[in-house]
$ cat query_7.cif   # mmCIF, C-alpha atoms
data_structure
loop_
_atom_site.group_PDB
_atom_site.id
_atom_site.type_symbol
_atom_site.label_atom_id
_atom_site.label_comp_id
_atom_site.auth_asym_id
_atom_site.auth_seq_id
_atom_site.Cartn_x
_atom_site.Cartn_y
_atom_site.Cartn_z
ATOM 1 C CA MET J 68 0.000 0.000 0.000
ATOM 2 C CA VAL J 69 1.179 3.501 -0.794
ATOM 3 C CA ASP J 70 1.981 5.846 2.071
ATOM 4 C CA VAL J 71 1.114 9.512 1.399
ATOM 5 C CA VAL J 72 2.671 12.010 3.791
ATOM 6 C CA TYR J 73 1.639 15.654 3.889
ATOM 7 C CA ARG J 74 3.942 18.110 5.652
ATOM 8 C CA ILE J 75 3.064 21.575 6.927
ATOM 9 C CA VAL J 76 5.674 24.085 5.724
ATOM 10 C CA GLU J 77 6.193 27.824 5.377
ATOM 11 C CA HIS J 78 5.584 28.765 1.760
ATOM 12 C CA ASP J 79 5.222 31.947 -0.283
ATOM 13 C CA GLY J 80 4.658 34.267 2.673
ATOM 14 C CA GLY J 81 2.295 31.929 4.515
ATOM 15 C CA TRP J 82 1.797 28.231 5.192
ATOM 16 C CA ALA J 83 1.114 25.272 2.939
ATOM 17 C CA TYR J 84 1.025 21.519 3.039
ATOM 18 C CA LYS J 85 3.085 19.526 0.607
ATOM 19 C CA ALA J 86 3.392 15.955 -0.616
ATOM 20 C CA GLY J 87 6.785 15.185 -2.089
ATOM 21 C CA ASP J 88 7.760 18.308 -4.037
ATOM 22 C CA VAL J 89 4.196 19.513 -4.687
ATOM 23 C CA PHE J 90 2.826 22.422 -2.621
ATOM 24 C CA SER J 91 -0.780 23.260 -1.883
ATOM 25 C CA GLU J 92 -2.089 26.784 -2.163
ATOM 26 C CA THR J 93 -0.786 29.185 0.468
ATOM 27 C CA PHE J 94 -2.790 29.656 3.675
ATOM 28 C CA PRO J 95 -2.539 32.684 5.961
ATOM 29 C CA THR J 96 -1.976 30.587 9.093
ATOM 30 C CA ARG J 97 -0.348 27.305 10.024
ATOM 31 C CA GLU J 98 -3.644 26.206 11.582
ATOM 32 C CA ALA J 99 -5.529 26.712 8.301
ATOM 33 C CA ALA J 100 -2.921 24.691 6.387
ATOM 34 C CA GLN J 101 -3.064 21.981 9.061
ATOM 35 C CA ALA J 102 -6.864 21.767 9.001
ATOM 36 C CA THR J 103 -6.942 21.503 5.212
ATOM 37 C CA ALA J 104 -4.153 18.908 5.154
ATOM 38 C CA ASP J 105 -6.036 16.860 7.766
ATOM 39 C CA ALA J 106 -9.170 16.982 5.587
ATOM 40 C CA VAL J 107 -7.216 16.014 2.452
ATOM 41 C CA ALA J 108 -5.538 13.084 4.247
ATOM 42 C CA ALA J 109 -8.922 11.882 5.505
ATOM 43 C CA GLU J 110 -10.367 12.130 1.982
ATOM 44 C CA GLN J 111 -7.481 10.037 0.632
ATOM 45 C CA ARG J 112 -8.603 7.122 2.797
ATOM 46 C CA VAL J 113 -12.260 7.156 1.642
ATOM 47 C CA PRO J 114 -13.043 4.348 -0.819
ATOM 48 C CA GLY J 115 -14.712 5.259 -4.077
ATOM 49 C CA GLU J 116 -15.998 3.605 -7.229
ATOM 50 C CA ASP J 117 -13.874 1.585 -9.641
ATOM 51 C CA GLU J 118 -12.750 3.935 -12.416
ATOM 52 C CA ALA J 119 -11.131 3.598 -15.817
ATOM 53 C CA ILE J 120 -8.027 5.816 -15.900
ATOM 54 C CA SER J 121 -5.355 6.793 -18.395
ATOM 55 C CA TRP J 122 -1.898 7.840 -17.254
ATOM 56 C CA GLU J 123 1.413 8.746 -18.850
ATOM 57 C CA ASP J 124 4.654 7.221 -17.599
ATOM 58 C CA GLU J 125 8.074 8.897 -17.472
ATOM 59 C CA ALA J 126 8.874 7.673 -21.008
ATOM 60 C CA GLY J 127 5.776 9.350 -22.444
ATOM 61 C CA ARG J 128 3.785 6.110 -22.930
ATOM 62 C CA TRP J 129 0.089 6.151 -22.095
ATOM 63 C CA HIS J 130 -1.588 3.339 -20.152
ATOM 64 C CA ASP J 131 -5.286 2.523 -19.691
ATOM 65 C CA GLU J 132 -6.320 0.682 -16.523
ATOM 66 C CA VAL J 133 -9.180 0.160 -14.142
ATOM 67 C CA GLU J 134 -8.489 1.436 -10.634
ATOM 68 C CA ARG J 135 -10.237 -0.275 -7.761
ATOM 69 C CA GLY J 136 -12.049 2.276 -5.637
ATOM 70 C CA SER J 137 -11.200 0.291 -2.528
ATOM 71 C CA ASP J 138 -7.423 0.516 -3.139
ATOM 72 C CA ARG J 139 -6.693 3.611 -1.074
ATOM 73 C CA PRO J 140 -3.358 4.884 0.220
ATOM 74 C CA GLN J 141 -2.402 5.357 3.836
ATOM 75 C CA ALA J 142 -2.383 9.132 4.299
ATOM 76 C CA ARG J 143 -1.163 11.169 7.238
ATOM 77 C CA VAL J 144 -0.045 14.661 8.146
ATOM 78 C CA GLU J 145 3.320 15.154 9.814
ATOM 79 C CA THR J 146 3.843 18.079 12.128
ATOM 80 C CA ASP J 147 7.017 19.402 13.668
ATOM 81 C CA PRO J 148 7.670 19.067 17.416
ATOM 82 C CA ILE J 149 6.578 22.682 18.042
ATOM 83 C CA SER J 150 3.015 22.008 16.903
ATOM 84 C CA ASN J 151 0.391 19.817 18.510
ATOM 85 C CA SER J 152 1.954 16.496 17.532
ATOM 86 C CA ALA J 153 -0.126 14.592 20.077
ATOM 87 C CA SER J 154 -3.286 15.147 18.037
ATOM 88 C CA VAL J 155 -4.935 12.097 16.518
ATOM 89 C CA GLY J 156 -3.631 11.226 13.048
ATOM 90 C CA ARG J 157 -0.555 13.431 13.267
ATOM 91 C CA VAL J 158 3.011 12.187 13.487
ATOM 92 C CA PRO J 159 5.953 14.295 14.692
ATOM 93 C CA LEU J 160 8.203 15.268 11.781
ATOM 94 C CA ALA J 161 11.328 14.368 13.754
ATOM 95 C CA SER J 162 10.222 10.761 14.166
ATOM 96 C CA GLY J 163 12.007 9.542 11.027
ATOM 97 C CA LEU J 164 8.978 7.731 9.642
ATOM 98 C CA ARG J 165 9.828 8.894 6.129
ATOM 99 C CA SER J 166 12.458 6.168 5.773
ATOM 100 C CA SER J 167 10.147 3.235 5.044
ATOM 101 C CA GLY J 168 8.000 3.078 1.946
ATOM 102 C CA VAL J 169 6.907 6.685 1.632
ATOM 103 C CA ALA J 170 6.241 7.501 -1.985
ATOM 104 C CA ASP J 171 8.232 10.427 -3.326
ATOM 105 C CA ILE J 172 5.767 11.826 -5.818
ATOM 106 C CA GLY J 173 7.675 13.591 -8.535
ATOM 107 C CA ILE J 174 4.595 14.796 -10.391
ATOM 108 C CA THR J 175 4.433 18.189 -12.032
ATOM 109 C CA PRO J 176 2.485 21.201 -10.836
ATOM 110 C CA LEU J 177 -0.364 20.148 -13.138
ATOM 111 C CA LEU J 178 -1.766 18.589 -9.996
ATOM 112 C CA THR J 179 -2.264 21.072 -7.202
ATOM 113 C CA LEU J 180 -3.315 19.840 -3.821
ATOM 114 C CA ALA J 181 -6.324 22.065 -3.338
ATOM 115 C CA GLY J 182 -8.192 19.651 -1.116
ATOM 116 C CA ALA J 183 -10.917 18.730 -3.594
ATOM 117 C CA ALA J 184 -12.035 15.114 -3.552
ATOM 118 C CA ALA J 185 -11.189 14.742 -7.233
ATOM 119 C CA ALA J 186 -7.628 15.901 -6.676
ATOM 120 C CA GLY J 187 -7.257 13.483 -3.771
ATOM 121 C CA TYR J 188 -8.533 10.582 -5.850
ATOM 122 C CA LEU J 189 -6.262 11.455 -8.760
ATOM 123 C CA LEU J 190 -3.218 11.798 -6.515
ATOM 124 C CA GLY J 191 -3.925 8.434 -4.912
ATOM 125 C CA SER J 192 -4.235 6.835 -8.342
ATOM 126 C CA MET J 193 -0.997 8.392 -9.530
ATOM 127 C CA LEU J 194 0.870 7.325 -6.410
ATOM 128 C CA GLN J 195 -0.253 3.748 -6.847
ATOM 129 C CA ARG J 196 1.445 3.710 -10.249
ATOM 130 C CA ARG J 197 4.772 4.899 -8.820
ATOM 131 C CA THR J 198 5.283 1.976 -6.434
#

$ encode --input "query_7.cif" --output "structure tokens"
Amino acid sequence: MVDVVYRIVEHDGGWAYKAGDVFSETFPTREAAQATADAVAAEQRVPGEDEAISWEDEAGRWHDEVERGSDRPQARVETDPISNSASVGRVPLASGLRSSGVADIGITPLLTLAGAAAAGYLLGSMLQRRT
């Protein structure tokens, strides 16, 4: 199973969450970024319908597949030790959990992590292809 990790970071004069090298939109406060990242991570875990998808690999080849709606990634939000790391579903950033099986999603900015259910589903589908 794919492991999706969102991190809360300072970005563009505010706060954002990011997965791999992809940033969300900028939020005015850390709390707003955290709340949205928590919602996005929760949405990642919700099963959906089986869907036919097309995706392009690194070599430019297109693939058509059927994605099972029940095949969802493990998603979590990591926080640094300064924040409320004891909250349910949050893991301290200093814990070193990144070392085992976390997908490094090298996708382009065509996919922004805006928190919409469609973006979450698409990201989960793309991550499944990278493992």

$ closest_residue --input "query_7.cif" --among "J:Val144, J:Tyr73, J:Lys85, J:Gly136" --to "J:Val113" --atoms "all atoms listed in the file"
J:Gly136

$ atom_distance --input "query_7.cif" --atom1 "atom CA of J:Val107" --atom2 "atom CA of J:Gly80"
21.8 Å

$ atom_distance --input "query_7.cif" --atom1 "atom CA of J:Ile75" --atom2 "atom CA of J:Ala100"
6.8 Å

$ closest_residue --input "query_7.cif" --among "J:Asp105, J:Glu118, J:Asp79, J:Asp131" --to "J:Arg143" --atoms "all atoms listed in the file"
J:Asp105

$ atom_distance --input "query_7.cif" --atom1 "atom CA of J:Gly115" --atom2 "atom CA of J:Asp88"
26.0 Å

$ resolve_selection --input "query_7.cif" --expression "the PyMOL selection byres ((chain J and resi 82) around 9)" --output "list in words"
Ile75, Val76, Glu77, His78, Asp79, Gly80, Gly81, Ala83, Tyr84, Glu92, Thr93, Phe94, Pro95, Thr96, Arg97, Glu98, Ala99, Ala100 and Gln101 of chain J

$ residues_around --input "query_7.cif" --residues "J:Arg112" --least-positions-apart "3" --cutoff "7 Å" --atoms "all atoms listed in the file" --output "PDB file with C-alpha atoms, in the coordinates of the input"
ATOM      1  CA  ALA J 108      -5.538  13.084   4.247  1.00  0.00           C
ATOM      2  CA  ALA J 109      -8.922  11.882   5.505  1.00  0.00           C
ATOM      3  CA  ARG J 139      -6.693   3.611  -1.074  1.00  0.00           C
ATOM      4  CA  PRO J 140      -3.358   4.884   0.220  1.00  0.00           C
ATOM      5  CA  GLN J 141      -2.402   5.357   3.836  1.00  0.00           C
ATOM      6  CA  ALA J 142      -2.383   9.132   4.299  1.00  0.00           C
TER       7      ALA J 142
END
